[in-house]
Amino acid sequence: MNAVTTTESTALAQRGMGFDLSPQNFEQAMTFSKYLAESEMVPKQYRGRPGDCLIAMQWGHEIGLKPLQALQSIAPVNGKPNLYGDAGKAMLLAAGCEIEEDDTAIIRATGTARCKITRPGRRPVERTFSIEDAKTAQLWGKAGPWTTSPYRQMAWRAFWFAARDAAADLLRGMGGKEEADDLVRSKDMGPADEVKPEPTPYPAEQFAANLPKWREVIQGARKTADDLIAFTESRNPNTPMTEEQKATLRGIKPVKNAAATDVTPKNEAAAPTADPGPAITFAQVSDKLHAAKDVDSLNLAADLVSQVPDTQQQAELNALYEQRLGELERQ
């Protein structure tokens, strides 16, 4: 019994750790991957994904990592495997590399992270990453680790720059997850298409209701038909006038004021006339703006603003117009 136990112990000792679940063929690898995908002891990105577990184990085998080490050390980012920084350092140290890097306190004081990697028999490789570099790369102040631990992130950047330049063969071309996460950007879908409502003709009932007011404005030569059309459509861009409605307005002609015609005989001096005063007052326009029940009535009242002689009063009336327009559009 003792001889058997001794023999088994010797065999286990010769095999190293003695208990190794590393698969020896594809079937074993698939079975192992299924067990791993159902386990709570693997990172979330591998749970329920036996295929990903299998690929990660293969990647680990190629860079010298055991299956469980591979799952803990390799993370996919945009479909590409990347190493966590701790695993990258462990691989370089296992290969005899010396890693010299600044503490975060020094990085904070100098504003620059530095990392120097020396491989046996080779010249040292030193790389840096500064706050200015982070700002140029639009990383400084970025939400996430660059906000909570910016100097640590700078240290990782300097390390991965040096590691890739000094030991690309040891890393088998893998990059660092800390870097890969920074490169992830939301896909640019371009500017959103603006969906404009389908225009509808200016309501016939509303046109008929406003026509008497518009006729008065056109006949009084205060506005032309085209002025009214342009003004109305600018205020109601989704309800343009029909061609028939436009033709109706254009058919209205200004009426000449016979009283304004000079009928004084040439040989007689014209009798002095009293100053007629302003055609319309600030108070009159203000009352019309306040009394307007809809946007069209408000626009007609706004046409009178230019007839008020005082420019300061015109500015006040324009401000009142904008206020009333907002009130009516919210109704």
# chains A, B, ... in the order shown; residues from 1 in each chain; ligands from 1
>>> closest_atom_pairs(of="stretch 46-127 of chain A", to="stretch 164-169 of chain A", cutoff="12 Å", atoms="only C-alpha atoms", output="tab-separated table")
residue	atom	partner	partner_atom	distance
A:Glu62	CA	A:Asp169	CA	11.4
A:Ile63	CA	A:Asp169	CA	9.6
A:Leu83	CA	A:Arg164	CA	11.8
A:Gly85	CA	A:Arg164	CA	12.0
A:Gly88	CA	A:Arg164	CA	10.0
A:Lys89	CA	A:Ala167	CA	10.8
A:Met91	CA	A:Ala167	CA	9.9
A:Leu92	CA	A:Ala167	CA	7.6
A:Leu93	CA	A:Ala167	CA	11.1
A:Ala95	CA	A:Ala167	CA	9.7
A:Gly96	CA	A:Ala167	CA	11.2
A:Cys97	CA	A:Ala167	CA	9.0
A:Glu98	CA	A:Ala166	CA	11.0
A:Ile99	CA	A:Ala166	CA	10.8
A:Cys115	CA	A:Ala166	CA	11.1
A:Lys116	CA	A:Ala166	CA	9.3
A:Ile117	CA	A:Ala166	CA	6.8
A:Thr118	CA	A:Ala166	CA	7.7
A:Arg119	CA	A:Ala166	CA	7.5
A:Pro120	CA	A:Ala166	CA	11.0
A:Gly121	CA	A:Ala166	CA	11.9
A:Arg122	CA	A:Ala166	CA	9.0
A:Arg123	CA	A:Ala166	CA	9.0
A:Pro124	CA	A:Ala166	CA	7.8
A:Val125	CA	A:Ala166	CA	5.9
A:Glu126	CA	A:Ala166	CA	8.8
A:Arg127	CA	A:Asp165	CA	9.0
>>> write_last_selection(atoms="N, CA, C and O atoms", output="short mmCIF file (atom, residue, chain, number, x, y, z; two decimals), in the first residue's frame")
data_model
loop_
_atom_site.label_atom_id
_atom_site.label_comp_id
_atom_site.auth_asym_id
_atom_site.auth_seq_id
_atom_site.Cartn_x
_atom_site.Cartn_y
_atom_site.Cartn_z
N GLU A 62 -1.20 30.55 -26.92
CA GLU A 62 -0.20 31.10 -27.83
C GLU A 62 0.74 32.08 -27.14
O GLU A 62 1.87 32.30 -27.61
N ILE A 63 0.30 32.70 -26.05
CA ILE A 63 1.18 33.64 -25.35
C ILE A 63 1.65 33.10 -24.01
O ILE A 63 2.21 33.84 -23.20
N LEU A 83 -4.85 42.49 -23.64
CA LEU A 83 -4.37 42.05 -22.33
C LEU A 83 -4.62 43.12 -21.28
O LEU A 83 -4.42 44.32 -21.54
N GLY A 85 -3.41 45.18 -18.14
CA GLY A 85 -2.06 45.64 -17.86
C GLY A 85 -1.28 44.76 -16.91
O GLY A 85 -0.08 44.52 -17.11
N GLY A 88 0.07 41.87 -18.81
CA GLY A 88 1.17 42.27 -19.67
C GLY A 88 2.47 42.42 -18.90
O GLY A 88 3.54 41.97 -19.34
N LYS A 89 2.39 43.05 -17.73
CA LYS A 89 3.58 43.20 -16.90
C LYS A 89 4.11 41.84 -16.45
O LYS A 89 5.33 41.59 -16.44
N MET A 91 3.88 38.97 -17.93
CA MET A 91 4.54 38.28 -19.04
C MET A 91 5.95 38.82 -19.26
O MET A 91 6.90 38.06 -19.48
N LEU A 92 6.11 40.15 -19.19
CA LEU A 92 7.43 40.73 -19.40
C LEU A 92 8.38 40.38 -18.26
O LEU A 92 9.56 40.07 -18.48
N LEU A 93 7.87 40.41 -17.04
CA LEU A 93 8.71 40.06 -15.89
C LEU A 93 9.13 38.60 -15.96
O LEU A 93 10.27 38.24 -15.63
N ALA A 95 9.70 36.98 -18.54
CA ALA A 95 10.71 36.84 -19.59
C ALA A 95 12.02 37.52 -19.20
O ALA A 95 12.93 37.62 -20.04
N GLY A 96 12.13 38.00 -17.96
CA GLY A 96 13.37 38.59 -17.49
C GLY A 96 13.49 40.09 -17.73
O GLY A 96 14.57 40.66 -17.54
N CYS A 97 12.41 40.74 -18.14
CA CYS A 97 12.46 42.19 -18.38
C CYS A 97 12.46 42.95 -17.06
O CYS A 97 11.86 42.51 -16.06
N GLU A 98 13.11 44.10 -17.06
CA GLU A 98 13.05 45.01 -15.92
C GLU A 98 12.14 46.18 -16.29
O GLU A 98 12.29 46.77 -17.36
N ILE A 99 11.19 46.49 -15.40
CA ILE A 99 10.23 47.56 -15.67
C ILE A 99 10.43 48.65 -14.63
O ILE A 99 10.30 48.40 -13.42
N CYS A 115 7.90 55.33 -18.37
CA CYS A 115 8.13 53.90 -18.18
C CYS A 115 9.34 53.47 -19.00
O CYS A 115 9.43 53.80 -20.19
N LYS A 116 10.27 52.76 -18.36
CA LYS A 116 11.46 52.25 -19.04
C LYS A 116 11.50 50.73 -18.89
O LYS A 116 11.40 50.21 -17.78
N ILE A 117 11.61 50.02 -20.00
CA ILE A 117 11.65 48.56 -20.01
C ILE A 117 12.99 48.12 -20.59
O ILE A 117 13.39 48.56 -21.68
N THR A 118 13.67 47.25 -19.84
CA THR A 118 14.97 46.73 -20.27
C THR A 118 14.89 45.22 -20.39
O THR A 118 14.60 44.52 -19.41
N ARG A 119 15.13 44.70 -21.59
CA ARG A 119 15.17 43.25 -21.81
C ARG A 119 16.61 42.77 -21.73
O ARG A 119 17.55 43.52 -22.07
N PRO A 120 16.80 41.55 -21.28
CA PRO A 120 18.17 41.01 -21.18
C PRO A 120 18.89 41.09 -22.53
O PRO A 120 18.38 40.65 -23.55
N GLY A 121 20.06 41.70 -22.49
CA GLY A 121 20.88 41.79 -23.69
C GLY A 121 20.44 42.83 -24.70
O GLY A 121 20.96 42.86 -25.82
N ARG A 122 19.50 43.70 -24.33
CA ARG A 122 19.03 44.72 -25.26
C ARG A 122 19.08 46.10 -24.62
O ARG A 122 19.14 46.23 -23.39
N ARG A 123 19.01 47.11 -25.46
CA ARG A 123 19.03 48.47 -24.95
C ARG A 123 17.68 48.81 -24.32
O ARG A 123 16.63 48.35 -24.78
N PRO A 124 17.68 49.64 -23.28
CA PRO A 124 16.41 50.03 -22.63
C PRO A 124 15.52 50.81 -23.60
O PRO A 124 16.00 51.51 -24.49
N VAL A 125 14.23 50.67 -23.40
CA VAL A 125 13.23 51.44 -24.16
C VAL A 125 12.43 52.26 -23.17
O VAL A 125 11.81 51.70 -22.25
N GLU A 126 12.44 53.57 -23.33
CA GLU A 126 11.71 54.45 -22.41
C GLU A 126 10.69 55.27 -23.19
O GLU A 126 10.99 55.83 -24.24
N ARG A 127 9.47 55.31 -22.66
CA ARG A 127 8.40 56.08 -23.29
C ARG A 127 7.69 56.91 -22.23
O ARG A 127 7.67 56.56 -21.05
#
>>> atom_distance(atom1="atom CA of A:Trp214", atom2="atom CA of A:Ala291")
17.3 Å
>>> residues_around(residues="A:Asn210", least_positions_apart="5", cutoff="12 Å", atoms="only C-alpha atoms", output="NGL selection string")
:A and (202-205 or 215-217 or 228 or 232 or 245 or 249 or 294-300)
>>> residues_around(residues="stretch 308-316 of chain A", least_positions_apart="5", cutoff="12 Å", atoms="only C-alpha atoms", output="list of chain:residue names")
A:Gly277, A:Pro278, A:Ala279, A:Ile280, A:Thr281, A:Phe282, A:Ala283, A:Gln284, A:Val285, A:Ser286, A:Leu289, A:Ala301, A:Ala302, A:Asp303, A:Tyr321, A:Glu322, A:Gln323
>>> write_last_selection(atoms="N, CA, C and O atoms", output="mmCIF file, in the first residue's frame")
data_model
loop_
_atom_site.group_PDB
_atom_site.id
_atom_site.type_symbol
_atom_site.label_atom_id
_atom_site.label_comp_id
_atom_site.auth_asym_id
_atom_site.auth_seq_id
_atom_site.Cartn_x
_atom_site.Cartn_y
_atom_site.Cartn_z
ATOM 1 N N GLY A 277 -50.885 115.021 -38.294
ATOM 2 C CA GLY A 277 -50.376 114.173 -37.224
ATOM 3 C C GLY A 277 -50.105 112.773 -37.731
ATOM 4 O O GLY A 277 -50.316 112.464 -38.902
ATOM 5 N N PRO A 278 -49.604 111.940 -36.867
ATOM 6 C CA PRO A 278 -49.276 110.571 -37.283
ATOM 7 C C PRO A 278 -50.516 109.811 -37.706
ATOM 8 O O PRO A 278 -51.606 110.003 -37.168
ATOM 9 N N ALA A 279 -50.341 108.967 -38.721
ATOM 10 C CA ALA A 279 -51.471 108.197 -39.226
ATOM 11 C C ALA A 279 -52.012 107.252 -38.165
ATOM 12 O O ALA A 279 -53.201 106.961 -38.138
ATOM 13 N N ILE A 280 -51.147 106.771 -37.311
ATOM 14 C CA ILE A 280 -51.590 105.834 -36.285
ATOM 15 C C ILE A 280 -50.694 105.998 -35.067
ATOM 16 O O ILE A 280 -49.516 106.365 -35.183
ATOM 17 N N THR A 281 -51.226 105.746 -33.897
ATOM 18 C CA THR A 281 -50.478 105.986 -32.666
ATOM 19 C C THR A 281 -50.002 104.681 -32.038
ATOM 20 O O THR A 281 -50.473 103.590 -32.379
ATOM 21 N N PHE A 282 -49.085 104.828 -31.113
ATOM 22 C CA PHE A 282 -48.555 103.691 -30.367
ATOM 23 C C PHE A 282 -49.678 102.953 -29.645
ATOM 24 O O PHE A 282 -49.758 101.725 -29.662
ATOM 25 N N ALA A 283 -50.570 103.720 -29.023
ATOM 26 C CA ALA A 283 -51.653 103.108 -28.246
ATOM 27 C C ALA A 283 -52.586 102.293 -29.133
ATOM 28 O O ALA A 283 -53.049 101.211 -28.744
ATOM 29 N N GLN A 284 -52.855 102.801 -30.344
ATOM 30 C CA GLN A 284 -53.753 102.077 -31.243
ATOM 31 C C GLN A 284 -53.171 100.716 -31.647
ATOM 32 O O GLN A 284 -53.866 99.697 -31.638
ATOM 33 N N VAL A 285 -51.892 100.720 -32.006
ATOM 34 C CA VAL A 285 -51.264 99.460 -32.412
ATOM 35 C C VAL A 285 -51.174 98.510 -31.225
ATOM 36 O O VAL A 285 -51.425 97.304 -31.345
ATOM 37 N N SER A 286 -50.828 99.052 -30.059
ATOM 38 C CA SER A 286 -50.728 98.218 -28.864
ATOM 39 C C SER A 286 -52.061 97.558 -28.550
ATOM 40 O O SER A 286 -52.125 96.369 -28.222
ATOM 41 N N LEU A 289 -52.676 94.718 -30.985
ATOM 42 C CA LEU A 289 -51.853 93.549 -30.677
ATOM 43 C C LEU A 289 -52.421 92.780 -29.488
ATOM 44 O O LEU A 289 -52.459 91.543 -29.488
ATOM 45 N N ALA A 301 -52.114 93.293 -37.284
ATOM 46 C CA ALA A 301 -51.825 94.401 -36.374
ATOM 47 C C ALA A 301 -50.350 94.778 -36.435
ATOM 48 O O ALA A 301 -49.990 95.960 -36.354
ATOM 49 N N ALA A 302 -49.490 93.768 -36.612
ATOM 50 C CA ALA A 302 -48.052 94.036 -36.684
ATOM 51 C C ALA A 302 -47.689 94.841 -37.923
ATOM 52 O O ALA A 302 -46.671 95.544 -37.940
ATOM 53 N N ASP A 303 -48.517 94.749 -38.976
ATOM 54 C CA ASP A 303 -48.249 95.536 -40.182
ATOM 55 C C ASP A 303 -48.285 97.035 -39.910
ATOM 56 O O ASP A 303 -47.712 97.829 -40.663
ATOM 57 N N TYR A 321 -45.238 92.240 -29.958
ATOM 58 C CA TYR A 321 -45.683 91.285 -30.985
ATOM 59 C C TYR A 321 -45.093 89.896 -30.734
ATOM 60 O O TYR A 321 -45.811 88.887 -30.789
ATOM 61 N N GLU A 322 -43.790 89.826 -30.473
ATOM 62 C CA GLU A 322 -43.150 88.533 -30.223
ATOM 63 C C GLU A 322 -43.749 87.852 -28.999
ATOM 64 O O GLU A 322 -43.946 86.629 -28.984
ATOM 65 N N GLN A 323 -44.051 88.650 -27.970
ATOM 66 C CA GLN A 323 -44.651 88.087 -26.756
ATOM 67 C C GLN A 323 -46.030 87.509 -27.047
ATOM 68 O O GLN A 323 -46.347 86.382 -26.654
#
